[in-house]
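Chemist: Enclosed is the structure file run.json (JSON, C-alpha atoms).
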```json
[["chain", "number", "residue", "atom", "x", "y", "z"],
["A", 1, "MET", "CA", 0.00, 0.00, 0.00],
["A", 2, "ALA", "CA", 1.45, 3.35, -1.03],
["A", 3, "ARG", "CA", 1.82, 6.20, 1.45],
["A", 4, "PRO", "CA", 0.55, 9.69, 0.64],
["A", 5, "ALA", "CA", 3.31, 12.08, -0.54],
["A", 6, "GLY", "CA", 3.04, 14.19, 2.63],
["A", 7, "LYS", "CA", 3.67, 11.16, 4.86],
["A", 8, "GLN", "CA", 6.68, 10.11, 2.76],
["A", 9, "GLN", "CA", 8.19, 13.59, 3.13],
["A", 10, "GLN", "CA", 7.67, 13.51, 6.91],
["A", 11, "VAL", "CA", 9.34, 10.11, 7.14],
["A", 12, "ALA", "CA", 12.24, 11.31, 4.97],
["A", 13, "VAL", "CA", 12.71, 14.41, 7.15],
["A", 14, "LEU", "CA", 12.66, 12.32, 10.34],
["A", 15, "VAL", "CA", 15.19, 9.84, 8.92],
["A", 16, "ALA", "CA", 17.46, 12.71, 7.81],
["A", 17, "ALA", "CA", 17.20, 14.38, 11.24],
["A", 18, "ALA", "CA", 18.02, 11.11, 13.00],
["A", 19, "ALA", "CA", 21.04, 10.60, 10.73],
["A", 20, "LEU", "CA", 22.30, 14.11, 11.50],
["A", 21, "LEU", "CA", 21.95, 13.53, 15.24],
["A", 22, "LEU", "CA", 23.98, 10.35, 14.98],
["A", 23, "MET", "CA", 26.76, 12.23, 13.20],
["A", 24, "VAL", "CA", 27.10, 14.92, 15.89],
["A", 25, "PRO", "CA", 29.59, 13.79, 18.53],
["A", 26, "ALA", "CA", 28.42, 13.89, 22.10],
["A", 27, "VAL", "CA", 29.97, 16.67, 24.18],
["A", 28, "VAL", "CA", 31.74, 14.50, 26.71],
["A", 29, "SER", "CA", 34.95, 15.38, 28.42],
["A", 30, "ALA", "CA", 37.79, 12.93, 27.96],
["A", 31, "VAL", "CA", 39.79, 14.46, 30.84],
["A", 32, "THR", "CA", 38.88, 13.22, 34.32],
["A", 33, "CYS", "CA", 39.73, 14.69, 37.70],
["A", 34, "GLY", "CA", 41.74, 11.57, 38.45],
["A", 35, "GLN", "CA", 43.87, 12.25, 35.39],
["A", 36, "VAL", "CA", 44.30, 15.91, 36.32],
["A", 37, "ALA", "CA", 45.42, 14.95, 39.82],
["A", 38, "GLY", "CA", 47.78, 12.33, 38.40],
["A", 39, "TYR", "CA", 49.37, 14.73, 35.94],
["A", 40, "LEU", "CA", 49.86, 17.36, 38.62],
["A", 41, "SER", "CA", 50.83, 15.26, 41.65],
["A", 42, "PRO", "CA", 54.55, 16.06, 41.12],
["A", 43, "CYS", "CA", 53.63, 19.75, 41.54],
["A", 44, "MET", "CA", 52.09, 19.50, 45.01],
["A", 45, "SER", "CA", 55.17, 20.01, 47.15],
["A", 46, "TYR", "CA", 56.28, 22.95, 45.01],
["A", 47, "ALA", "CA", 52.75, 24.44, 45.08],
["A", 48, "MET", "CA", 52.83, 24.40, 48.88],
["A", 49, "GLY", "CA", 56.06, 26.39, 48.83],
["A", 50, "GLY", "CA", 58.23, 23.42, 49.68],
["A", 51, "GLN", "CA", 60.66, 23.30, 46.75],
["A", 52, "GLY", "CA", 62.88, 26.04, 45.38],
["A", 53, "THR", "CA", 62.01, 28.79, 42.95],
["A", 54, "ALA", "CA", 61.08, 26.67, 39.94],
["A", 55, "PRO", "CA", 58.75, 23.69, 39.56],
["A", 56, "PRO", "CA", 60.48, 20.33, 39.26],
["A", 57, "GLU", "CA", 60.74, 18.87, 35.73],
["A", 58, "ALA", "CA", 58.27, 16.11, 36.63],
["A", 59, "CYS", "CA", 55.73, 18.83, 37.48],
["A", 60, "CYS", "CA", 56.32, 20.63, 34.17],
["A", 61, "SER", "CA", 56.06, 17.35, 32.29],
["A", 62, "GLY", "CA", 52.68, 16.75, 33.94],
["A", 63, "VAL", "CA", 51.50, 20.28, 33.10],
["A", 64, "ARG", "CA", 52.50, 19.76, 29.45],
["A", 65, "SER", "CA", 50.78, 16.36, 29.36],
["A", 66, "LEU", "CA", 47.59, 17.77, 30.84],
["A", 67, "ASN", "CA", 47.64, 20.66, 28.39],
["A", 68, "SER", "CA", 48.03, 18.20, 25.51],
["A", 69, "ALA", "CA", 45.23, 15.98, 26.83],
["A", 70, "ALA", "CA", 42.78, 18.90, 27.14],
["A", 71, "ARG", "CA", 42.17, 19.35, 23.41],
["A", 72, "THR", "CA", 38.53, 20.38, 23.29],
["A", 73, "THR", "CA", 36.55, 23.08, 25.04],
["A", 74, "GLY", "CA", 34.85, 20.38, 27.12],
["A", 75, "ASP", "CA", 38.22, 18.94, 28.12],
["A", 76, "ARG", "CA", 39.58, 22.36, 29.09],
["A", 77, "GLN", "CA", 36.43, 23.16, 31.10],
["A", 78, "ALA", "CA", 36.64, 19.80, 32.86],
["A", 79, "ALA", "CA", 40.33, 20.32, 33.65],
["A", 80, "CYS", "CA", 39.56, 23.83, 34.90],
["A", 81, "LYS", "CA", 36.83, 22.51, 37.22],
["A", 82, "CYS", "CA", 39.17, 19.86, 38.59],
["A", 83, "LEU", "CA", 41.96, 22.39, 39.14],
["A", 84, "LYS", "CA", 39.49, 24.66, 40.88],
["A", 85, "GLN", "CA", 38.35, 21.79, 43.14],
["A", 86, "ILE", "CA", 41.95, 20.94, 43.96],
["A", 87, "THR", "CA", 42.81, 24.53, 44.88],
["A", 88, "ILE", "CA", 39.70, 24.80, 47.07],
["A", 89, "SER", "CA", 40.14, 21.44, 48.80],
["A", 90, "MET", "CA", 43.83, 21.90, 49.57],
["A", 91, "PRO", "CA", 44.24, 25.11, 51.59],
["A", 92, "ALA", "CA", 47.98, 24.44, 51.99],
["A", 93, "LEU", "CA", 48.48, 25.28, 48.31],
["A", 94, "LYS", "CA", 49.81, 28.79, 47.81],
["A", 95, "PRO", "CA", 47.57, 30.54, 45.23],
["A", 96, "GLY", "CA", 50.36, 32.69, 43.78],
["A", 97, "ILE", "CA", 52.64, 29.71, 43.28],
["A", 98, "VAL", "CA", 49.85, 27.58, 41.78],
["A", 99, "ALA", "CA", 48.86, 30.31, 39.32],
["A", 100, "GLY", "CA", 52.46, 30.70, 38.17],
["A", 101, "ILE", "CA", 53.24, 27.04, 37.51],
["A", 102, "PRO", "CA", 52.09, 26.89, 33.85],
["A", 103, "GLY", "CA", 54.10, 29.99, 32.93],
["A", 104, "LYS", "CA", 57.21, 28.73, 34.71],
["A", 105, "CYS", "CA", 56.83, 25.48, 32.79],
["A", 106, "GLY", "CA", 56.49, 27.34, 29.48],
["A", 107, "VAL", "CA", 52.87, 26.31, 29.01],
["A", 108, "ASP", "CA", 50.17, 28.77, 28.02],
["A", 109, "ILE", "CA", 46.72, 27.84, 29.30],
["A", 110, "PRO", "CA", 43.61, 29.86, 28.44],
["A", 111, "TYR", "CA", 42.53, 30.57, 32.03],
["A", 112, "PRO", "CA", 44.01, 31.40, 35.42],
["A", 113, "ILE", "CA", 44.27, 28.63, 37.99],
["A", 114, "THR", "CA", 42.37, 30.13, 40.91],
["A", 115, "SER", "CA", 39.47, 29.15, 43.12],
["A", 116, "SER", "CA", 37.39, 31.94, 41.55],
["A", 117, "THR", "CA", 37.86, 31.05, 37.86],
["A", 118, "ASP", "CA", 34.57, 30.71, 35.96],
["A", 119, "CYS", "CA", 35.26, 27.48, 34.13],
["A", 120, "THR", "CA", 32.11, 27.80, 32.01],
["A", 121, "LYS", "CA", 33.82, 30.65, 30.15],
["A", 122, "VAL", "CA", 36.92, 28.61, 29.28],
["A", 123, "GLN", "CA", 37.21, 28.01, 25.57]]
```
Turn this file's structure into structure tokens for me.
Modeler:
Amino acid sequence: MARPAGKQQQVAVLVAAAALLLMVPAVVSAVTCGQVAGYLSPCMSYAMGGQGTAPPEACCSGVRSLNSAARTTGDRQAACKCLKQITISMPALKPGIVAGIPGKCGVDIPYPITSSTDCTKVQ
């Protein structure tokens, strides 16, 4: 039994819309807080003011790895939220030292590492 032309167009539009939705990748962050903490664990002693005037190389390596892992806006926002949680939950961290770590490691990140950063604005 043949369908009326209007019904065939509706079905075609619905199939096309479903196909488009399947092609759009889900906005899911690939960077987890566990990964962020792992990358930055070598920085903790330095961030508390316990080691010299420059971050240790293991810290800088972790900062570079995290920066490389955070490729998308979602990844960068997730990393930002994790960094924010870490700075809030660890009062022994010195905010000025923490904020300066990426620069001292030669890494440019698109947001400041502070407890007041609005991570929803990170691109």
Chemist: Figure out the distance between CA of Pro56 (chain A) and CA of Pro42 (chain A), please, to one decimal in Å.
Modeler: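 Between CA of Pro42 (chain A) and CA of Pro56 (chain A) the gap is 7.5 Å.
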Chemist: At a cut-off of 10 Å, using only C-alpha atoms, what residues contact Gly38 (chain A)? Leave out same-chain residues fewer than 6 positions from it and give the result as a ChimeraX atom specification.
Modeler: /A:32,62,66
Chemist: Take CA of Cys119 (chain A) and CA of Tyr46 (chain A) and report the distance between them in Å, one decimal.
Modeler: 24.1 Å
Chemist: Which one of A:Ile109, A:Cys82, A:Cys43, A:Val122 sits closest to Asn67 (chain A) if you count all atoms listed in the file?
Modeler: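 Among the listed residues, the smallest separation from Asn67 (chain A) belongs to A:Ile109.
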Chemist: So the first atom is CA of Ala78 (chain A) and the second is CA of Val31 (chain A); what is the distance between them in Å, to one decimal place?
Modeler: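 Computing the Euclidean distance for CA of Ala78 (chain A) and CA of Val31 (chain A) yields 6.5 Å.
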Chemist: Excluding Thr120 (chain A) and residues on its chain fewer than 5 positions from it, collect all residues at most 12 Å away from it, counting only C-alpha atoms, and give them as an MDAnalysis selection string.
Modeler: chainID A and resid 73:81 84 111
Chemist: Residues at most 12 Å from Pro91 (chain A), counting only C-alpha atoms, excluding those fewer than 6 positions away in the same chain, as a list in words?
Modeler: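 In the requested form, the answer reads Met44, Ala47, Met48, Lys84, Gln85, Val98, Thr114 and Ser115 of chain A.
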Chemist: Calculated over all atoms listed in the file, which of the candidates A:Ile88, A:Ile113, A:Cys105, A:Ala30 has the smallest distance to Arg71 (chain A)?
Modeler: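 Counting all atoms listed in the file, the residue closest to Arg71 (chain A) is A:Ala30.
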Chemist: Output as JSON the centre and edge lengths (Å, one decimal) of the box along x, y and z of the file that holds every listed atom of region 31-42 of chain A after adding 5 Å on each side.
Modeler:
```
{"center_x": 46.7, "center_y": 14.5, "center_z": 36.2, "size_x": 25.7, "size_y": 15.8, "size_z": 20.8}
```
Chemist: Write out as a PyMOL selection string which residues come within 12 Å of Asp108 (chain A) when counting all atoms listed in the file, dropping same-chain ones fewer than 5 positions away.
Modeler: chain A and resi 60+63-64+66-68+99-103+113
Chemist: Go through A:Leu83, A:Ala70, A:Val107, A:Ala54 one by one, measure the shortest atom-to-atom distance of each to Ser41 (chain A) using only C-alpha atoms, and give the residue with the smallest value.
Modeler: A:Leu83
Chemist: Which of these, A:Tyr39, A:Gly50, A:Gly34, A:Glu57, has the shortest distance to Leu93 (chain A) once you count all atoms listed in the file?
Modeler: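 Counting all atoms listed in the file, the residue closest to Leu93 (chain A) is A:Gly50.
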